[in-house]
Amino acid sequence: MLTTTERAARRARELLREIQAEKFSRRDLARLGLIAGSAFYFRGASLRQALAASSASPRTTPFEERLPIPEPAEEDSSYPYNEADHQYCSSRFPMKKMYHLRVRERKHRFTKDLRSPVWSYGDNFGGPIIDARYGQPFCLHIENDLPSADKHKGFGHPEIAPHLHNFHTASESDGGPWNWIPPKKNPSGKPNFRNHHYCMARAGFTTTKGIPAKWVDPVNGGDLRETLTTLFLHDHRPEFTASNVYKGLVCMVRMFDDDDTGDETTGWQLPSGDYDVPLILADKKFDPDSGELVFNQFANDGYLGDKLTVNGKVQPFMPVKRRKYRFRILNGGPSRFYRLVLRKDGANQPFHQISESGNLLPRTRKDITSLELWVAERADIIIDFKKFKNGDRVYLANNLVMMEDGRGIDRGKSTHPDSVGNQLLEFRVQGVVEDPSRVPNAFRPLPSVNLNEVVKVREWDFGRKNGMWHINGKLWDPDIDHAPEFLLNPPDKVRRNSAEIWRFRSTSGGWDHPIHVHFEEGIIISENGRQIAPENRYRTDIYRMGGTRRIDEMEVFMRFRDFPDPDYANKSSDNGRYVIHCHNTLHEDHGMMATWNIVP
């Protein structure tokens, strides 16, 4: 028999499901709160109780499920495509490959006892993996086959806006929070598909200013030092980004080139094939009654699950050979940060880090013993299992404690990585195979930071207002953002082929924010007024505000090149539009986003 507390929690969960099934946005809920507040009741549970509802997931047994590894997407050019719809497509970078992603709802098994409806870009949760190569422009034909809005059940919104984070992409293919794709049966009659075209050229392909001759791509132009390696695709539907990604709309993207070839016998000889493995980390919570995924999209501080998943499985295992592996690790969010360690027999084991948020590092960080990963960050690491014996068990674990509401790192607490609840993945060492791969000491240098190029210092203030999140004092509102007067006169205009310093400042009072800028990578040059030495710099698309080092202000050097295409005839209201936002996606959904434009 349920206790009084358990009955109240069950009623609250039922109300939360009812609210989320209505696809209320945070603006709708604010209006409802103004009208009814905590006096709004459903089956004996108040609105306030429902939004705070939290129950532990059912018990699970770790390391029973094998780690699934997404299959590469297959080419399919049979879908409609018009070059004139895309910048630089017909003139310089015509499509050479097309991949079809069919977004649909399906049942997924997280463990043998936990099955839940999820959304995915393919036939499997977290898949497929998209392999791309510089010099080979490609198109994603994205088809929305989710249930129509009137038939949709549960959290999330069946309108989708896929965003390739963080490629050098034309705005019409960026997946910004205005180009969403409706389901097949929608009242507007709009098509349920969209094409995204990716030039597969490095930034700077229209200008060689500031690029030394040896680093200019001889075929397509652009700066070879700005080559990207590990990206991911995720949904960006405004006000429902967190719920849609949590429900499964995420997949990995691997970028290859003449040095990072995808063949461990050529170029840099990085581990490849079966030994180049994507790992998508995400914490989840499950309903104690149904075993299905639960989520609270109105938890505007953040949301933490109590089950750690990798590639859609709760604490899986992976058989490995005694050789080197390249693991491309993504923190899929929505709010948890990780400090990853490799553990055996109660001790940290060393590994090598070769990339930071999609960018190969200038020099390999060799024999490190921990790796911090905030939401949306990626890191490529290399683990050499040759040093272990057959039959050994080695664990990828987390030893970072988050505040319970998901707002950020709990700086005053620690946890033990060997506690079973902190272990993400068990490696089972078995067998030896040939290993021609290697770990280079260095890759490409960083692009130069030339302050003489800077034409403007632009200020971005990240704060909290009436329990919501804002940038420069304004909550992002799609109705305002899409209004004609805003489209015709955007407040933040950046000149094409210019450089700026973007100064980030957090005034939110001790909260942690992984800030993301669409379209361009940046180089952090100062934190809290202290200059960062050139040898300690790196390129990134995620900027950590707060954290254990309490970074309240930073300056980032950024260049904005190539787009928009001056010869693009099919101009629309979103031409040159991009966003900046917090990638704790609950913060983003609750207002911490702003639009900026690149103009001629």
# chains A, B, ... in the order shown; residues from 1 in each chain; ligands from 1
call {"tool": "select_by_dssp", "arguments": {"residues": "segment 282-359 of chain A", "states": "strand (DSSP E or B)", "output": "count of residues only"}}
result
41
call {"tool": "closest_atom_pairs", "arguments": {"of": "segment 286-315 of chain A", "to": "segment 118-131 of chain A", "cutoff": "10 Å", "atoms": "only C-alpha atoms", "output": "CSV"}}
result
residue,atom,partner,partner_atom,distance
A:Glu292,CA,A:Val118,CA,9.4
A:Leu293,CA,A:Val118,CA,8.3
A:Val310,CA,A:Gly126,CA,9.5
A:Asn311,CA,A:Gly126,CA,6.1
A:Gly312,CA,A:Phe125,CA,6.1
A:Lys313,CA,A:Phe125,CA,9.3
call {"tool": "atom_distance", "arguments": {"atom1": "atom CA of Arg194 of chain A", "atom2": "atom CA of His141 of chain A"}}
result
6.0 Å
call {"tool": "closest_atom_pairs", "arguments": {"of": "segment 282-370 of chain A", "to": "segment 457-480 of chain A", "cutoff": "12 Å", "atoms": "only C-alpha atoms", "output": "tab-separated table"}}
result
residue	atom	partner	partner_atom	distance
A:Phe298	CA	A:Met468	CA	10.7
A:Ala299	CA	A:Met468	CA	10.5
A:Asn300	CA	A:Met468	CA	7.0
A:Asp301	CA	A:Gly467	CA	8.4
A:Gly302	CA	A:Met468	CA	11.6
call {"tool": "closest_atom_pairs", "arguments": {"of": "segment 138-180 of chain A", "to": "segment 233-240 of chain A", "cutoff": "12 Å", "atoms": "only C-alpha atoms", "output": "tab-separated table"}}
result
residue	atom	partner	partner_atom	distance
A:Leu140	CA	A:Leu233	CA	10.7
A:Ile142	CA	A:Leu233	CA	11.5
A:Asn144	CA	A:Asp235	CA	11.8
A:Phe155	CA	A:Phe240	CA	9.0
A:Gly156	CA	A:Phe240	CA	6.1
A:His157	CA	A:Phe240	CA	6.3
A:Pro158	CA	A:Arg237	CA	9.1
A:Glu159	CA	A:Arg237	CA	6.9
A:Ile160	CA	A:Arg237	CA	5.4
A:Ala161	CA	A:His236	CA	4.9
A:Pro162	CA	A:Asp235	CA	4.4
A:His163	CA	A:His234	CA	5.4
A:Leu164	CA	A:Leu233	CA	4.5
A:His165	CA	A:Leu233	CA	6.0
A:Asn166	CA	A:Leu233	CA	8.8
A:Phe167	CA	A:Leu233	CA	10.0
A:Ser173	CA	A:Leu233	CA	12.0
A:Asp174	CA	A:His236	CA	9.9
A:Gly175	CA	A:His236	CA	6.8
A:Gly176	CA	A:His236	CA	6.7
A:Pro177	CA	A:Pro238	CA	5.2
A:Trp178	CA	A:Pro238	CA	7.6
A:Asn179	CA	A:Arg237	CA	8.5
A:Trp180	CA	A:Arg237	CA	6.4
call {"tool": "atom_distance", "arguments": {"atom1": "atom CA of Asp541 of chain A", "atom2": "atom CA of Ser357 of chain A"}}
result
6.6 Å
call {"tool": "closest_residue", "arguments": {"among": "A:Thr309, A:Asn528, A:Asn575, A:Asn195", "to": "Arg109 of chain A", "atoms": "only C-alpha atoms"}}
result
A:Thr309
call {"tool": "residues_around", "arguments": {"residues": "Pro137 of chain A", "least_positions_apart": "3", "cutoff": "6 Å", "atoms": "only C-alpha atoms", "output": "PyMOL selection string"}}
result
chain A and resi 95-96+198-200
call {"tool": "write_last_selection", "arguments": {"atoms": "all heavy atoms", "output": "PDB file, in the first residue's frame"}}
result
ATOM      1  N   MET A  95      26.329  19.785 -53.907  1.00  0.00           N
ATOM      2  CA  MET A  95      26.200  18.584 -53.088  1.00  0.00           C
ATOM      3  C   MET A  95      26.825  17.371 -53.769  1.00  0.00           C
ATOM      4  O   MET A  95      26.609  17.118 -54.950  1.00  0.00           O
ATOM      5  CB  MET A  95      24.713  18.319 -52.825  1.00  0.00           C
ATOM      6  CG  MET A  95      24.450  17.070 -52.002  1.00  0.00           C
ATOM      7  SD  MET A  95      22.698  16.642 -51.968  1.00  0.00           S
ATOM      8  CE  MET A  95      22.449  16.026 -53.620  1.00  0.00           C
ATOM      9  N   LYS A  96      27.593  16.600 -53.009  1.00  0.00           N
ATOM     10  CA  LYS A  96      28.154  15.344 -53.500  1.00  0.00           C
ATOM     11  C   LYS A  96      27.530  14.130 -52.822  1.00  0.00           C
ATOM     12  O   LYS A  96      27.602  13.014 -53.354  1.00  0.00           O
ATOM     13  CB  LYS A  96      29.674  15.334 -53.287  1.00  0.00           C
ATOM     14  CG  LYS A  96      30.405  16.361 -54.140  1.00  0.00           C
ATOM     15  CD  LYS A  96      31.919  16.239 -53.983  1.00  0.00           C
ATOM     16  CE  LYS A  96      32.639  17.251 -54.877  1.00  0.00           C
ATOM     17  NZ  LYS A  96      34.116  17.156 -54.733  1.00  0.00           N
ATOM     18  N   TYR A 198      25.641  21.468 -46.311  1.00  0.00           N
ATOM     19  CA  TYR A 198      26.881  21.768 -45.602  1.00  0.00           C
ATOM     20  C   TYR A 198      28.026  21.812 -46.622  1.00  0.00           C
ATOM     21  O   TYR A 198      28.284  20.827 -47.328  1.00  0.00           O
ATOM     22  CB  TYR A 198      27.148  20.739 -44.511  1.00  0.00           C
ATOM     23  CG  TYR A 198      25.985  20.624 -43.544  1.00  0.00           C
ATOM     24  CD1 TYR A 198      25.085  19.558 -43.635  1.00  0.00           C
ATOM     25  CD2 TYR A 198      25.750  21.593 -42.584  1.00  0.00           C
ATOM     26  CE1 TYR A 198      23.998  19.470 -42.771  1.00  0.00           C
ATOM     27  CE2 TYR A 198      24.667  21.516 -41.722  1.00  0.00           C
ATOM     28  CZ  TYR A 198      23.798  20.445 -41.820  1.00  0.00           C
ATOM     29  OH  TYR A 198      22.728  20.373 -40.968  1.00  0.00           O
ATOM     30  N   CYS A 199      28.703  22.959 -46.689  1.00  0.00           N
ATOM     31  CA  CYS A 199      29.726  23.187 -47.711  1.00  0.00           C
ATOM     32  C   CYS A 199      30.962  22.308 -47.528  1.00  0.00           C
ATOM     33  O   CYS A 199      31.707  22.069 -48.476  1.00  0.00           O
ATOM     34  CB  CYS A 199      30.154  24.653 -47.705  1.00  0.00           C
ATOM     35  SG  CYS A 199      28.856  25.811 -48.165  1.00  0.00           S
ATOM     36  N   MET A 200      31.220  21.873 -46.313  1.00  0.00           N
ATOM     37  CA  MET A 200      32.414  21.086 -45.972  1.00  0.00           C
ATOM     38  C   MET A 200      33.690  21.818 -46.382  1.00  0.00           C
ATOM     39  O   MET A 200      34.614  21.248 -46.968  1.00  0.00           O
ATOM     40  CB  MET A 200      32.348  19.693 -46.575  1.00  0.00           C
ATOM     41  CG  MET A 200      31.285  18.806 -45.947  1.00  0.00           C
ATOM     42  SD  MET A 200      31.317  18.785 -44.131  1.00  0.00           S
ATOM     43  CE  MET A 200      32.943  18.110 -43.798  1.00  0.00           C
TER      44      MET A 200
END
call {"tool": "residues_around", "arguments": {"residues": "Lys386 of chain A", "least_positions_apart": "2", "cutoff": "10 Å", "atoms": "only C-alpha atoms", "output": "number ranges by chain"}}
result
A: 320-324, 383-384, 388-390, 429, 431-433, 435
call {"tool": "write_last_selection", "arguments": {"atoms": "all heavy atoms", "output": "short mmCIF file (atom, residue, chain, number, x, y, z; two decimals), in the first residue's frame"}}
result
data_model
loop_
_atom_site.label_atom_id
_atom_site.label_comp_id
_atom_site.auth_asym_id
_atom_site.auth_seq_id
_atom_site.Cartn_x
_atom_site.Cartn_y
_atom_site.Cartn_z
N VAL A 320 36.59 -4.87 -25.10
CA VAL A 320 37.65 -4.16 -25.81
C VAL A 320 38.86 -5.07 -25.97
O VAL A 320 39.11 -5.96 -25.14
CB VAL A 320 38.07 -2.86 -25.08
CG1 VAL A 320 36.94 -1.86 -25.10
CG2 VAL A 320 38.54 -3.14 -23.65
N LYS A 321 39.60 -4.84 -27.04
CA LYS A 321 40.84 -5.55 -27.27
C LYS A 321 41.99 -4.80 -26.60
O LYS A 321 41.89 -3.62 -26.27
CB LYS A 321 41.12 -5.67 -28.77
CG LYS A 321 40.02 -6.38 -29.55
CD LYS A 321 39.84 -7.82 -29.11
CE LYS A 321 38.80 -8.53 -29.97
NZ LYS A 321 38.57 -9.92 -29.50
N ARG A 322 43.11 -5.49 -26.47
CA ARG A 322 44.28 -4.88 -25.84
C ARG A 322 45.05 -4.08 -26.90
O ARG A 322 46.06 -4.50 -27.44
CB ARG A 322 45.16 -5.94 -25.20
CG ARG A 322 44.48 -6.67 -24.03
CD ARG A 322 45.37 -7.72 -23.39
NE ARG A 322 46.59 -7.15 -22.87
CZ ARG A 322 47.81 -7.63 -23.13
NH1 ARG A 322 47.96 -8.68 -23.93
NH2 ARG A 322 48.88 -7.05 -22.62
N ARG A 323 44.49 -2.90 -27.17
CA ARG A 323 45.06 -1.98 -28.16
C ARG A 323 44.49 -0.58 -27.90
O ARG A 323 43.74 -0.36 -26.95
CB ARG A 323 44.74 -2.44 -29.59
CG ARG A 323 43.26 -2.61 -29.89
CD ARG A 323 42.98 -2.34 -31.37
NE ARG A 323 43.18 -0.93 -31.70
CZ ARG A 323 43.40 -0.47 -32.93
NH1 ARG A 323 43.46 -1.31 -33.95
NH2 ARG A 323 43.54 0.83 -33.14
N LYS A 324 44.81 0.40 -28.77
CA LYS A 324 44.34 1.77 -28.59
C LYS A 324 42.95 1.95 -29.21
O LYS A 324 42.65 1.40 -30.28
CB LYS A 324 45.32 2.76 -29.22
CG LYS A 324 46.67 2.83 -28.50
CD LYS A 324 47.56 3.91 -29.05
CE LYS A 324 48.13 3.55 -30.40
NZ LYS A 324 49.01 2.36 -30.37
N ILE A 383 42.46 5.77 -25.26
CA ILE A 383 42.79 4.84 -24.17
C ILE A 383 43.53 3.66 -24.78
O ILE A 383 43.05 3.05 -25.76
CB ILE A 383 41.53 4.34 -23.44
CG1 ILE A 383 40.74 5.52 -22.84
CG2 ILE A 383 41.91 3.35 -22.34
CD1 ILE A 383 39.42 5.11 -22.20
N ASP A 384 44.68 3.34 -24.22
CA ASP A 384 45.44 2.18 -24.66
C ASP A 384 45.22 1.04 -23.66
O ASP A 384 45.72 1.08 -22.54
CB ASP A 384 46.93 2.52 -24.76
CG ASP A 384 47.72 1.43 -25.48
OD1 ASP A 384 47.16 0.33 -25.69
OD2 ASP A 384 48.89 1.68 -25.83
N PHE A 388 46.57 -3.36 -19.86
CA PHE A 388 45.76 -4.19 -18.99
C PHE A 388 45.84 -5.65 -19.43
O PHE A 388 46.23 -5.97 -20.56
CB PHE A 388 44.30 -3.71 -19.02
CG PHE A 388 44.14 -2.27 -18.60
CD1 PHE A 388 43.73 -1.30 -19.51
CD2 PHE A 388 44.43 -1.88 -17.30
CE1 PHE A 388 43.59 0.02 -19.13
CE2 PHE A 388 44.30 -0.55 -16.91
CZ PHE A 388 43.88 0.40 -17.82
N LYS A 389 45.43 -6.54 -18.55
CA LYS A 389 45.48 -7.98 -18.82
C LYS A 389 44.12 -8.47 -19.30
O LYS A 389 43.08 -7.86 -19.02
CB LYS A 389 45.90 -8.74 -17.56
CG LYS A 389 47.24 -8.34 -16.99
CD LYS A 389 47.66 -9.27 -15.88
CE LYS A 389 46.70 -9.24 -14.69
NZ LYS A 389 46.73 -7.97 -13.96
N ASN A 390 44.13 -9.61 -19.97
CA ASN A 390 42.88 -10.25 -20.35
C ASN A 390 42.05 -10.53 -19.09
O ASN A 390 42.57 -11.01 -18.08
CB ASN A 390 43.15 -11.59 -21.06
CG ASN A 390 43.54 -11.38 -22.50
OD1 ASN A 390 43.19 -10.38 -23.11
ND2 ASN A 390 44.27 -12.35 -23.06
N VAL A 429 38.27 -6.24 -20.86
CA VAL A 429 39.46 -6.43 -21.68
C VAL A 429 39.59 -7.89 -22.07
O VAL A 429 39.61 -8.78 -21.21
CB VAL A 429 40.72 -5.96 -20.93
CG1 VAL A 429 41.96 -6.09 -21.81
CG2 VAL A 429 40.55 -4.52 -20.44
N GLY A 431 41.54 -10.26 -25.35
CA GLY A 431 42.15 -10.51 -26.66
C GLY A 431 43.06 -9.41 -27.14
O GLY A 431 42.99 -8.26 -26.71
N VAL A 432 43.95 -9.79 -28.05
CA VAL A 432 44.92 -8.87 -28.64
C VAL A 432 44.73 -8.87 -30.15
O VAL A 432 44.48 -9.92 -30.75
CB VAL A 432 46.37 -9.29 -28.30
CG1 VAL A 432 47.38 -8.32 -28.91
CG2 VAL A 432 46.56 -9.35 -26.79
N VAL A 433 44.82 -7.69 -30.76
CA VAL A 433 44.78 -7.58 -32.22
C VAL A 433 45.90 -6.64 -32.66
O VAL A 433 46.47 -5.91 -31.85
CB VAL A 433 43.42 -7.04 -32.72
CG1 VAL A 433 42.30 -8.04 -32.46
CG2 VAL A 433 43.08 -5.69 -32.09
N ASP A 435 47.73 -3.44 -34.01
CA ASP A 435 47.42 -2.04 -33.73
C ASP A 435 48.42 -1.13 -34.44
O ASP A 435 49.46 -0.78 -33.89
CB ASP A 435 47.44 -1.78 -32.22
CG ASP A 435 47.03 -0.36 -31.87
OD1 ASP A 435 46.61 0.38 -32.77
OD2 ASP A 435 47.11 0.01 -30.67
#
call {"tool": "closest_residue", "arguments": {"among": "A:Lys247, A:His352, A:His482, A:Lys366", "to": "Gln297 of chain A", "atoms": "only C-alpha atoms"}}
result
A:Lys247
call {"tool": "residues_around", "arguments": {"residues": "Tyr338 of chain A", "least_positions_apart": "6", "cutoff": "8 Å", "atoms": "only C-alpha atoms", "output": "compact mmCIF listing (two decimals) with N, CA and C atoms, in the first residue's frame"}}
result
# COMPACT_ATOMS: atom_id res chain seq x y z
N ASN A 331 28.79 15.15 -24.02
CA ASN A 331 27.85 15.34 -22.92
C ASN A 331 26.53 15.79 -23.52
N LEU A 371 38.89 14.40 -16.76
CA LEU A 371 38.42 15.22 -17.88
C LEU A 371 37.06 15.79 -17.51
N GLU A 372 36.97 17.13 -17.42
CA GLU A 372 35.70 17.77 -17.12
C GLU A 372 34.95 18.03 -18.42
N LEU A 373 33.66 17.75 -18.41
CA LEU A 373 32.85 17.86 -19.62
C LEU A 373 31.52 18.49 -19.27
N TRP A 374 31.30 19.72 -19.78
CA TRP A 374 30.04 20.41 -19.56
C TRP A 374 29.06 20.06 -20.69
N ASN A 398 32.36 8.90 -13.08
CA ASN A 398 32.18 10.33 -12.83
C ASN A 398 32.41 10.61 -11.36
N ASN A 399 33.16 11.68 -11.06
CA ASN A 399 33.31 12.04 -9.65
C ASN A 399 32.99 13.52 -9.39
N LEU A 400 32.11 14.08 -10.23
CA LEU A 400 31.68 15.46 -10.04
C LEU A 400 30.27 15.48 -9.48
call {"tool": "residues_around", "arguments": {"residues": "Ala242 of chain A", "least_positions_apart": "2", "cutoff": "8 Å", "atoms": "only C-alpha atoms", "output": "number ranges by chain"}}
result
A: 239-240, 244-246, 297, 334, 585-586, 589
call {"tool": "write_last_selection", "arguments": {"atoms": "N, CA and C atoms", "output": "tab-separated table (two decimals), in the first residue's frame"}}
result
chain	number	residue	atom	x	y	z
A	239	GLU	N	11.89	26.64	-26.87
A	239	GLU	CA	11.16	26.34	-25.64
A	239	GLU	C	10.99	24.84	-25.39
A	240	PHE	N	11.42	24.00	-26.34
A	240	PHE	CA	11.33	22.55	-26.16
A	240	PHE	C	12.63	21.84	-26.53
A	244	ASN	N	13.05	17.73	-26.18
A	244	ASN	CA	13.20	16.97	-27.42
A	244	ASN	C	14.54	16.25	-27.50
A	245	VAL	N	15.60	16.89	-27.02
A	245	VAL	CA	16.90	16.22	-27.01
A	245	VAL	C	16.90	15.09	-25.99
A	246	TYR	N	16.36	15.36	-24.81
A	246	TYR	CA	16.27	14.34	-23.75
A	246	TYR	C	15.51	13.11	-24.26
A	297	GLN	N	9.94	19.67	-18.13
A	297	GLN	CA	10.43	20.74	-18.98
A	297	GLN	C	10.21	22.12	-18.38
A	334	PRO	N	20.61	17.09	-20.18
A	334	PRO	CA	20.42	18.52	-20.39
A	334	PRO	C	21.17	19.45	-19.43
A	585	THR	N	20.13	23.31	-21.35
A	585	THR	CA	19.02	23.60	-22.26
A	585	THR	C	17.74	24.00	-21.53
A	586	LEU	N	17.64	23.74	-20.23
A	586	LEU	CA	16.51	24.29	-19.47
A	586	LEU	C	16.64	25.80	-19.35
A	589	ASP	N	15.65	27.16	-22.80
A	589	ASP	CA	14.20	27.10	-23.02
A	589	ASP	C	13.46	28.14	-22.20
call {"tool": "residues_around", "arguments": {"residues": "segment 276-290 of chain A", "least_positions_apart": "6", "cutoff": "8 Å", "atoms": "only C-alpha atoms", "output": "MDAnalysis selection string"}}
result
chainID A and resid 55:58 69:70 114 126 246 252 304:312 325:334 336
call {"tool": "closest_residue", "arguments": {"among": "A:Ser448, A:Pro316, A:Arg438, A:Ile368", "to": "Ser272 of chain A", "atoms": "only C-alpha atoms"}}
result
A:Arg438
call {"tool": "atom_distance", "arguments": {"atom1": "atom CA of Asn570 of chain A", "atom2": "atom CA of Asp481 of chain A"}}
result
21.1 Å
call {"tool": "closest_residue", "arguments": {"among": "A:Ser77, A:Thr207, A:Ser572, A:Thr548", "to": "Gly412 of chain A", "atoms": "only C-alpha atoms"}}
result
A:Thr548
call {"tool": "closest_residue", "arguments": {"among": "A:Pro218, A:Pro271, A:Pro191, A:Pro514", "to": "His583 of chain A", "atoms": "only C-alpha atoms"}}
result
A:Pro514
call {"tool": "closest_atom_pairs", "arguments": {"of": "segment 111-210 of chain A", "to": "segment 496-499 of chain A", "cutoff": "12 Å", "atoms": "only C-alpha atoms", "output": "JSON lines"}}
result
{"residue": "A:Ala203", "atom": "CA", "partner": "A:Asn497", "partner_atom": "CA", "distance": 10.2}
{"residue": "A:Gly204", "atom": "CA", "partner": "A:Asn497", "partner_atom": "CA", "distance": 8.2}
{"residue": "A:Phe205", "atom": "CA", "partner": "A:Asn497", "partner_atom": "CA", "distance": 10.5}
{"residue": "A:Thr206", "atom": "CA", "partner": "A:Asn497", "partner_atom": "CA", "distance": 8.6}
{"residue": "A:Thr207", "atom": "CA", "partner": "A:Asn497", "partner_atom": "CA", "distance": 7.7}
{"residue": "A:Thr208", "atom": "CA", "partner": "A:Asn497", "partner_atom": "CA", "distance": 10.4}
{"residue": "A:Lys209", "atom": "CA", "partner": "A:Asn497", "partner_atom": "CA", "distance": 9.2}
{"residue": "A:Gly210", "atom": "CA", "partner": "A:Ala499", "partner_atom": "CA", "distance": 11.0}
